[in-house]
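Enquirer: Starting off with a structure, shown below.
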Amino acid sequence: MANIQSLPILLKELRLSAMAKDWEVIAQKAVTEQWEPELFLAELCELEATHRHESRLKRLLKESKLPVGKQLHQYKFDEIEGVTSLQIKQKVSQIDWLRQGHNILLFGASGLGKTHLACAIGYSLLEKSVRVKFSTSTAIVQELQRAKETLGLNDALKKLDKYELLILDDIGYVKKNDSESQVLFELIAHRYERGSLLITSNQAFSEWDSIFGDNMMTVAAIDRLVHHSDIYKIEGESYRKKQAMKLNSNTGQVN
């Protein structure tokens with residue numbers, strides 16, 4: 001029969017780190033309040049489950065590379081048109097679309113918060129333990145281009161498969177050259193019906209020939225993206241422009 005002295009070792013062996021840290025405090029509380037054994041066990045299990053959930057969230061957040069300070073509750077839906085708070089909340093609460101490899105495409109002029117909204121979706125999905133990766137489109141294309149130069153493109157693409165959602169920000173800033181266009185297309189083709197993409201762009205589809213160069217590649221990329229996707233065209237006045245105008249107005253008042 002086990003004894004109390006062996007309990008810390010057993011908890012360590014079972015990798016129950018939260019229990020190992022706090023079981024004595026909870027045990028004392030259980031004695032003081034005369035808990036039933038089942039309640040004591042339930043309290044320990046809840047402690048460990050909460051600890052593991054929080055630890056997983058920290059790991060997911062670290063690997064996601066999401067910019068800080070871009071939560072869903074901070075986005076000002078009342079100042080734009082083309083997408084509503086309800087639509088986005090439904091997307092992050094009903095996540096079957098991720099299992100099916102569906103995409104989200106956010107279009108709109110600069111300064112309308114496309115990046116903020118994309119990150120907010122990412123943060124909301126992290127809370128559901130969804131693996132997310134954020135990157136500017138330029139950065140990930142350059143990363144894949146380097147992998148291709150060393151004959152490791154397939155491995156690099158497969159490595160991205162672990163992320164259920166891959167956020168590509170500002171796709172319009174990818175340089176128009178054969179090498180970058182090709183690896184971007186291969187990424188889109190690889191993710192097709194396999195893993196979800198969330199893409200932001202300040203360029204309409206009609207202008208994407210400036211990204212891919214080759215018209216047939218442009219058509220093929222768009223076809224794969226829109227086959228299973230929700231497309232939102234955000235319209236309104238630039239947040240940055242409004243902030244600049246407000247700052248100028250306040251400065252004028254001080255003077």
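Here, A, B, ... name the chains of the structure tokens in the order displayed, residue numbers run from 1 inside each chain, and ligands are numbered from 1 in the same displayed order.
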Skip Trp208 in chain A itself and residues of its chain fewer than 2 positions away, then list as a list in words all residues within 12 Å of it, counting only C-alpha atoms.
Expert: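 The residues that qualify are Ile171, Gly172, Tyr173, Val174, Lys175, Lys176, Ser181, Phe185, Ser201, Asn202, Gln203, Ala204, Phe205, Ser206, Ser210, Ile211, Phe212, Gly213, Asp214, Asn215, Met216, Met217, Thr218, Val219, Ala220, Ala221 and Ile222 of chain A.
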Enquirer: Fewer than 6 positions away in the same chain doesn't count, so skip those; otherwise give me all residues within 12 Å of His227 in chain A, counting only C-alpha atoms, as an NGL selection string.
Expert: :A and (100-105 or 188-189 or 192-193 or 196 or 219-221)
Enquirer: Keeping only N, CA, C and O atoms, write those residues as a PDB file, in the first residue's frame.
Expert:
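Done, and the output landed in part38.pdb:
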ATOM      1  N   GLN A 100     -12.628  21.203 -42.543  1.00  0.00           N
ATOM      2  CA  GLN A 100     -12.897  20.987 -43.960  1.00  0.00           C
ATOM      3  C   GLN A 100     -11.954  21.779 -44.870  1.00  0.00           C
ATOM      4  O   GLN A 100     -12.068  21.721 -46.093  1.00  0.00           O
ATOM      5  N   GLY A 101     -11.016  22.503 -44.272  1.00  0.00           N
ATOM      6  CA  GLY A 101     -10.056  23.254 -45.069  1.00  0.00           C
ATOM      7  C   GLY A 101     -10.637  24.466 -45.763  1.00  0.00           C
ATOM      8  O   GLY A 101     -10.153  24.872 -46.823  1.00  0.00           O
ATOM      9  N   HIS A 102     -11.675  25.064 -45.178  1.00  0.00           N
ATOM     10  CA  HIS A 102     -12.267  26.263 -45.774  1.00  0.00           C
ATOM     11  C   HIS A 102     -11.435  27.498 -45.408  1.00  0.00           C
ATOM     12  O   HIS A 102     -10.684  27.494 -44.430  1.00  0.00           O
ATOM     13  N   ASN A 103     -11.598  28.555 -46.198  1.00  0.00           N
ATOM     14  CA  ASN A 103     -10.774  29.758 -46.047  1.00  0.00           C
ATOM     15  C   ASN A 103     -11.600  30.985 -45.677  1.00  0.00           C
ATOM     16  O   ASN A 103     -12.824  31.007 -45.852  1.00  0.00           O
ATOM     17  N   ILE A 104     -10.895  32.012 -45.194  1.00  0.00           N
ATOM     18  CA  ILE A 104     -11.478  33.333 -44.986  1.00  0.00           C
ATOM     19  C   ILE A 104     -10.614  34.329 -45.749  1.00  0.00           C
ATOM     20  O   ILE A 104      -9.385  34.336 -45.608  1.00  0.00           O
ATOM     21  N   LEU A 105     -11.249  35.168 -46.552  1.00  0.00           N
ATOM     22  CA  LEU A 105     -10.541  36.180 -47.327  1.00  0.00           C
ATOM     23  C   LEU A 105     -11.067  37.551 -46.932  1.00  0.00           C
ATOM     24  O   LEU A 105     -12.270  37.810 -47.018  1.00  0.00           O
ATOM     25  N   ILE A 188      -0.617  27.695 -51.639  1.00  0.00           N
ATOM     26  CA  ILE A 188      -2.077  27.710 -51.792  1.00  0.00           C
ATOM     27  C   ILE A 188      -2.579  26.355 -52.284  1.00  0.00           C
ATOM     28  O   ILE A 188      -3.574  25.816 -51.776  1.00  0.00           O
ATOM     29  N   ALA A 189      -1.883  25.792 -53.267  1.00  0.00           N
ATOM     30  CA  ALA A 189      -2.283  24.495 -53.808  1.00  0.00           C
ATOM     31  C   ALA A 189      -2.137  23.394 -52.761  1.00  0.00           C
ATOM     32  O   ALA A 189      -2.981  22.492 -52.670  1.00  0.00           O
ATOM     33  N   TYR A 192      -4.984  23.483 -50.233  1.00  0.00           N
ATOM     34  CA  TYR A 192      -6.327  23.338 -50.811  1.00  0.00           C
ATOM     35  C   TYR A 192      -7.027  22.092 -50.255  1.00  0.00           C
ATOM     36  O   TYR A 192      -6.549  20.971 -50.381  1.00  0.00           O
ATOM     37  N   GLU A 193      -8.177  22.323 -49.603  1.00  0.00           N
ATOM     38  CA  GLU A 193      -9.016  21.277 -49.014  1.00  0.00           C
ATOM     39  C   GLU A 193      -8.259  20.441 -47.971  1.00  0.00           C
ATOM     40  O   GLU A 193      -8.685  19.361 -47.599  1.00  0.00           O
ATOM     41  N   SER A 196      -6.811  25.324 -43.618  1.00  0.00           N
ATOM     42  CA  SER A 196      -7.452  26.617 -43.869  1.00  0.00           C
ATOM     43  C   SER A 196      -6.440  27.753 -43.961  1.00  0.00           C
ATOM     44  O   SER A 196      -5.426  27.764 -43.267  1.00  0.00           O
ATOM     45  N   VAL A 219      -5.331  32.705 -62.039  1.00  0.00           N
ATOM     46  CA  VAL A 219      -6.671  32.114 -62.092  1.00  0.00           C
ATOM     47  C   VAL A 219      -6.729  30.841 -61.254  1.00  0.00           C
ATOM     48  O   VAL A 219      -7.681  30.612 -60.498  1.00  0.00           O
ATOM     49  N   ALA A 220      -5.691  30.023 -61.371  1.00  0.00           N
ATOM     50  CA  ALA A 220      -5.668  28.757 -60.632  1.00  0.00           C
ATOM     51  C   ALA A 220      -5.604  28.997 -59.123  1.00  0.00           C
ATOM     52  O   ALA A 220      -6.256  28.293 -58.342  1.00  0.00           O
ATOM     53  N   ALA A 221      -4.821  29.980 -58.707  1.00  0.00           N
ATOM     54  CA  ALA A 221      -4.708  30.294 -57.274  1.00  0.00           C
ATOM     55  C   ALA A 221      -6.041  30.801 -56.733  1.00  0.00           C
ATOM     56  O   ALA A 221      -6.504  30.354 -55.668  1.00  0.00           O
TER      57      ALA A 221
END
Enquirer: What lies within 10 Å of Glu235 in chain A using only C-alpha atoms, ignoring chain neighbours under 2 positions off, as a list in words?
Expert: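 Counting only the stated atoms, we get Glu79, Ile80, Glu81, Gly82, Val83, Phe107, Gly108, Ala109, Leu112, Tyr232, Lys233, Glu237 and Ser238 of chain A.
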Enquirer: Which parts of range 95-218 of chain A does DSSP call helix (DSSP H, G or I) when run on the backbone here, written out as a PyMOL selection string?
Expert: chain A and resi 96-99+114-126+137-149+153-162+171-173+178-191+205-207+209-212+215-218
Enquirer: Can you pull out the residues contacting Ala139 in chain A? Cut-off 10 Å, using only C-alpha atoms, and skip same-chain residues under 5 positions away; I want them as a list in words.
Expert: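 Returned residues: Leu144, Gln145, Leu168, Asp169 and Val174 of chain A.
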Enquirer: Which distance in Å separates CA of Tyr123 in chain A and CA of Arg224 in chain A, to one decimal?
Expert: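 Distance reported for this atom pair: 25.6 Å.
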Enquirer: Excluding Ser93 in chain A and any residue of its chain fewer than 3 positions from it, enumerate the residues within 9 Å of it, using only C-alpha atoms, and give them as a ChimeraX atom specification.
Expert: /A:88-90,124-125,128
Enquirer: Restrict the selected residues to all heavy atoms and save them as a JSON list (two decimals), in the first residue's frame.
Expert:
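See result31.json below for the written result:
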[["chain", "number", "residue", "atom", "x", "y", "z"],
["A", 88, "ILE", "N", -18.42, 37.09, -37.51],
["A", 88, "ILE", "CA", -17.12, 36.63, -37.04],
["A", 88, "ILE", "C", -17.26, 35.76, -35.79],
["A", 88, "ILE", "O", -16.57, 34.74, -35.65],
["A", 88, "ILE", "CB", -16.19, 37.83, -36.76],
["A", 88, "ILE", "CG1", -15.97, 38.62, -38.05],
["A", 88, "ILE", "CG2", -14.87, 37.35, -36.18],
["A", 88, "ILE", "CD1", -15.41, 37.81, -39.20],
["A", 89, "LYS", "N", -18.16, 36.12, -34.90],
["A", 89, "LYS", "CA", -18.37, 35.29, -33.71],
["A", 89, "LYS", "C", -18.87, 33.90, -34.08],
["A", 89, "LYS", "O", -18.52, 32.91, -33.43],
["A", 89, "LYS", "CB", -19.36, 35.99, -32.77],
["A", 89, "LYS", "CG", -18.75, 37.19, -32.04],
["A", 89, "LYS", "CD", -19.76, 37.87, -31.13],
["A", 89, "LYS", "CE", -19.12, 39.05, -30.39],
["A", 89, "LYS", "NZ", -20.08, 39.76, -29.52],
["A", 90, "GLN", "N", -19.69, 33.81, -35.12],
["A", 90, "GLN", "CA", -20.14, 32.51, -35.59],
["A", 90, "GLN", "C", -18.98, 31.69, -36.15],
["A", 90, "GLN", "O", -18.90, 30.48, -35.93],
["A", 90, "GLN", "CB", -21.23, 32.67, -36.65],
["A", 90, "GLN", "CG", -22.57, 33.13, -36.08],
["A", 90, "GLN", "CD", -23.62, 33.34, -37.15],
["A", 90, "GLN", "OE1", -23.30, 33.56, -38.33],
["A", 90, "GLN", "NE2", -24.89, 33.27, -36.76],
["A", 124, "SER", "N", -9.13, 34.17, -30.96],
["A", 124, "SER", "CA", -10.36, 33.49, -30.54],
["A", 124, "SER", "C", -10.26, 31.99, -30.77],
["A", 124, "SER", "O", -10.75, 31.19, -29.95],
["A", 124, "SER", "CB", -11.56, 34.06, -31.30],
["A", 124, "SER", "OG", -11.75, 35.42, -30.98],
["A", 125, "LEU", "N", -9.61, 31.58, -31.86],
["A", 125, "LEU", "CA", -9.46, 30.16, -32.14],
["A", 125, "LEU", "C", -8.43, 29.51, -31.22],
["A", 125, "LEU", "O", -8.57, 28.34, -30.85],
["A", 125, "LEU", "CB", -9.06, 29.96, -33.61],
["A", 125, "LEU", "CG", -10.14, 30.34, -34.62],
["A", 125, "LEU", "CD1", -9.60, 30.24, -36.05],
["A", 125, "LEU", "CD2", -11.38, 29.46, -34.47],
["A", 128, "LYS", "N", -9.78, 27.98, -28.25],
["A", 128, "LYS", "CA", -10.41, 26.69, -28.47],
["A", 128, "LYS", "C", -9.37, 25.62, -28.79],
["A", 128, "LYS", "O", -9.69, 24.56, -29.33],
["A", 128, "LYS", "CB", -11.44, 26.79, -29.62],
["A", 128, "LYS", "CG", -12.63, 27.67, -29.29],
["A", 128, "LYS", "CD", -13.62, 27.69, -30.44],
["A", 128, "LYS", "CE", -14.89, 28.44, -30.05],
["A", 128, "LYS", "NZ", -15.63, 27.73, -28.99]]
Enquirer: Counting only C-alpha atoms, which residue out of A:Leu106, A:Val31, A:Leu157, A:Leu117 sits closest to Val226 in chain A?
Expert: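 Checking each candidate against Val226 in chain A, we get A:Leu106 as the closest.
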Enquirer: So what do you get for CA of Glu54 in chain A versus CA of Arg131 in chain A, distance-wise?
Expert: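 Separating CA of Glu54 in chain A from CA of Arg131 in chain A is a distance of 14.3 Å.
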Enquirer: DSSP says strand (DSSP E or B) for which residues of range 113-152 of chain A? Put them as a PDB file with N, CA and C atoms, in the first residue's frame?
Expert:
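The resulting result-v5.pdb:
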ATOM      1  N   VAL A 132      -2.692  27.902 -34.667  1.00  0.00           N
ATOM      2  CA  VAL A 132      -2.731  29.022 -35.610  1.00  0.00           C
ATOM      3  C   VAL A 132      -1.315  29.530 -35.830  1.00  0.00           C
ATOM      4  N   LYS A 133      -1.017  29.944 -37.043  1.00  0.00           N
ATOM      5  CA  LYS A 133       0.252  30.613 -37.328  1.00  0.00           C
ATOM      6  C   LYS A 133      -0.025  31.888 -38.107  1.00  0.00           C
ATOM      7  N   PHE A 134       0.550  32.997 -37.625  1.00  0.00           N
ATOM      8  CA  PHE A 134       0.430  34.285 -38.302  1.00  0.00           C
ATOM      9  C   PHE A 134       1.759  34.640 -38.959  1.00  0.00           C
ATOM     10  N   SER A 135       1.669  35.174 -40.182  1.00  0.00           N
ATOM     11  CA  SER A 135       2.870  35.651 -40.863  1.00  0.00           C
ATOM     12  C   SER A 135       2.465  36.664 -41.919  1.00  0.00           C
ATOM     13  N   THR A 136       3.326  37.632 -42.156  1.00  0.00           N
ATOM     14  CA  THR A 136       3.111  38.449 -43.354  1.00  0.00           C
ATOM     15  C   THR A 136       3.322  37.528 -44.545  1.00  0.00           C
TER      16      THR A 136
END
Enquirer: Which one is closest to Ile4 in chain A: A:Leu72, A:Ala27, A:Leu151, A:Cys119? Count only C-alpha atoms.
Expert: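 Ranked by minimum distance to Ile4 in chain A, first place goes to A:Ala27.
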Enquirer: Using only C-alpha atoms, determine which residues lie at most 12 Å from Gln74 in chain A, disregarding the query and same-chain residues fewer than 3 positions distant; provide the list as number ranges by chain.
Expert: A: 68-71, 77-78, 85, 113, 116-117, 119-121
Enquirer: Would you output that residue set with C-alpha atoms, as a compact mmCIF listing (two decimals), in the first residue's frame?
Expert:
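Produced file part00.txt, reproduced below:
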# COMPACT_ATOMS: atom_id res chain seq x y z
CA VAL A 68 -0.26 41.52 -29.34
CA GLY A 69 -3.20 43.78 -28.58
CA LYS A 70 -5.55 42.73 -31.38
CA GLN A 71 -8.49 41.06 -29.67
CA PHE A 77 -17.38 46.85 -36.21
CA ASP A 78 -19.66 49.89 -36.00
CA SER A 85 -19.51 41.06 -35.25
CA GLY A 113 -8.24 46.91 -39.59
CA HIS A 116 -6.52 43.39 -36.52
CA LEU A 117 -9.55 41.34 -37.50
CA CYS A 119 -5.44 38.39 -35.56
CA ALA A 120 -8.61 38.64 -33.49
CA ILE A 121 -9.95 35.54 -35.24
Enquirer: Find the residues near Lys158 in chain A: any atom within 10 Å, counting only C-alpha atoms, skip ones fewer than 6 places away on the same chain, and give them as an MDAnalysis selection string.
Expert: chainID A and resid 187 190:191
Enquirer: Rounded to one decimal, what separation in Å do you get between CA of Leu198 in chain A and CA of Asp223 in chain A?
Expert: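 CA of Asp223 in chain A lies at a distance of 15.2 Å from CA of Leu198 in chain A.
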